[in-house]
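S.K.: The following block contains the structure, expressed as structure tokens.
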Amino acid sequence: MKKKIYVNGKFLAHRVTGVHRYAIEIVKKLIEFDEDVEILVPPYMEFASNPFPAELIREVRGYRSRLLWEHFSLPKYLKKQKNYVLLSLCNIGTLYDKNQILCIHDMSYAVNPSWFTKSFATYYKIMIPRLAKRAKRLITVSEFSKRQITEQLEVCDKEVSVVYNAPADKFNVSSPSQVNYVKDDFFLFVGSLDPRKNINLIIDFFSKAENADQKLVIVGAKIKSFNEVSFRIPPNVTVLDKCDDNELAELYRRAKAMINPSFYEGFGIPVVEAMASGCPIILSNLDVYKEIAEEGAIYFDPYSIDSLGGALKQFFDTDESKIREIIDKNVLRSREFSWEKSSKVLLDVIYQA
């Protein structure tokens with residue numbers, strides 16, 4: 001017997017980041033699978049994005065404050081329902097529903113609270129341990145995040161399932177033979193402009209006089225839950241705060257390589273997007289990046305500008321045929337991450353819950 005799948009739709013009020021993209025893509029697939037999905041949202045909510053059919057959106061009466069609605073109005077509505085699960089896919093959910101499946105993407109708020117605003121870090125510190133204890137099941141986006149969650153929140157390994165992120169279809173080249181091997185003269189960074197992403201490292205590197213002939217394109221915007229990042233943009237660096245997926249896919253295909261110097265990630269969607277697009281990747285030496293990219297990246301120490309320089313030198317010194325070989329392997333590796341596969345894993349969790 002099919003379960004009713006309610007989705008906590010509060011996230012649709014936010015500008016799309018990796019966390020929100022995850023929720024959107026997972027829910028899209030559940031709808032495609034003809035599951036009985038309904039997306040619940042607060043009254044009078046202004047949508048930052050809404051890729052779902054209007055008939056699947058239900059406005060649940062109650063508090064207009066999204067925070068109060070989530071904790072009081074939403075569970076009040078759900079008390080009247082039967083044979084359902086509630087999916088809260090963006091780290092935070094309600095404390096007062098016994099059928100909630102919660103996705104915790106990472107433990108960054110605990111690893112380094114200074115990356116975030118004080119109010120955001122404090123709220124997560126209070127809420128996430130309590131939500132983890134009360135949720136019917138937990139999911140997360142990588143084996144790395146699963147280890148951190150089980151260790152720091154003291155939940156059993158079997159209570160946490162890994163439901164991976166994936167690249168959207170428009171980033172996938174049809175086959176390695178379709179890869180654009182002739183690249184333009186720029187490197188690429190994709191991600192929000194927050195302290196965790198360590199954007200200052202690559203800006204400092206490209207600001208050096210000896211690197212003035214190298215170009216960098218940054219695709220990202222500031223997110224209000226994070227503390228501000230300040231930096232000076234040198235002439236060889238271009239910042240794009242808005243870029244749709246078609247434009248981004250084209251940038252991936254044209255870039256010499258994508259550089260990601262992040263201090264911490266739960267997954268890193270731009271990594272699989274770049275891999276799927278045939279873009280070489282130069283990454284900080286995070287465990288989660290090694291889980292995703294395996295041997296398909298050049299790694300460096302995110303705390304060392306010299307280490308980044310060494311990685312760029314290694315990239316330039318690598319034979320073109322070897323780079324093509326790595327690109328082809330990365331395209332194939334990226335296909336191991338798909339929203340269809342991840343959504344089927346989630347369905348297993350739903351029907352076992």
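Every chain in the structure tokens takes a letter, A first, then B, and so on in the order presented; its residues are numbered from 1, and the ligands are numbered from 1 following the presented order.
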Neighbours of Ser73 of chain A within 8 Å (only C-alpha atoms; same-chain residues fewer than 3 positions away dropped), as a compact mmCIF listing (two decimals) with C-alpha atoms, in the first residue's frame?

M.R.:
```txt
# COMPACT_ATOMS: atom_id res chain seq x y z
CA VAL A 60 -1.41 24.71 5.40
CA ARG A 61 -3.14 27.29 7.55
CA GLY A 62 -1.49 28.59 10.67
CA TYR A 63 1.38 30.86 11.59
CA LEU A 68 6.48 28.81 14.03
CA TRP A 69 4.56 27.20 11.18
CA GLU A 70 7.12 24.39 10.95
CA LYS A 76 -1.13 20.06 13.89
CA TYR A 77 -2.18 19.43 10.28
```

S.K.: Residues of segment 97-215 of chain A within 6 Å of segment 274-298 of chain A: nearest atom pair and distance (Å, one decimal) for each, counting only C-alpha atoms, sorted by chain and number, as a tab-separated table?

M.R.:
```
residue	atom	partner	partner_atom	distance
A:Phe144	CA	A:Val288	CA	5.6
A:Phe171	CA	A:Ser277	CA	5.2
A:Asn172	CA	A:Ala276	CA	4.8
A:Val173	CA	A:Ser277	CA	5.7
A:Val179	CA	A:Gly278	CA	5.6
```

S.K.: One number please: atom CA of Cys243 of chain A to atom CA of Glu265 of chain A, in Å, one decimal.

M.R.: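 Here the two named atoms are 21.7 Å from each other.
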
S.K.: For a test of reading the model, state the distance in Å between atom CA of Val272 of chain A and atom CA of Phe337 of chain A, rounded to one decimal.

M.R.: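 Computing it gives 7.9 Å between the two atoms.
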
S.K.: Ser49 of chain A: which residues within 8 Å, counting only C-alpha atoms, same-chain residues fewer than 6 positions away excluded, as a PyMOL selection string?

M.R.: chain A and resi 12-16
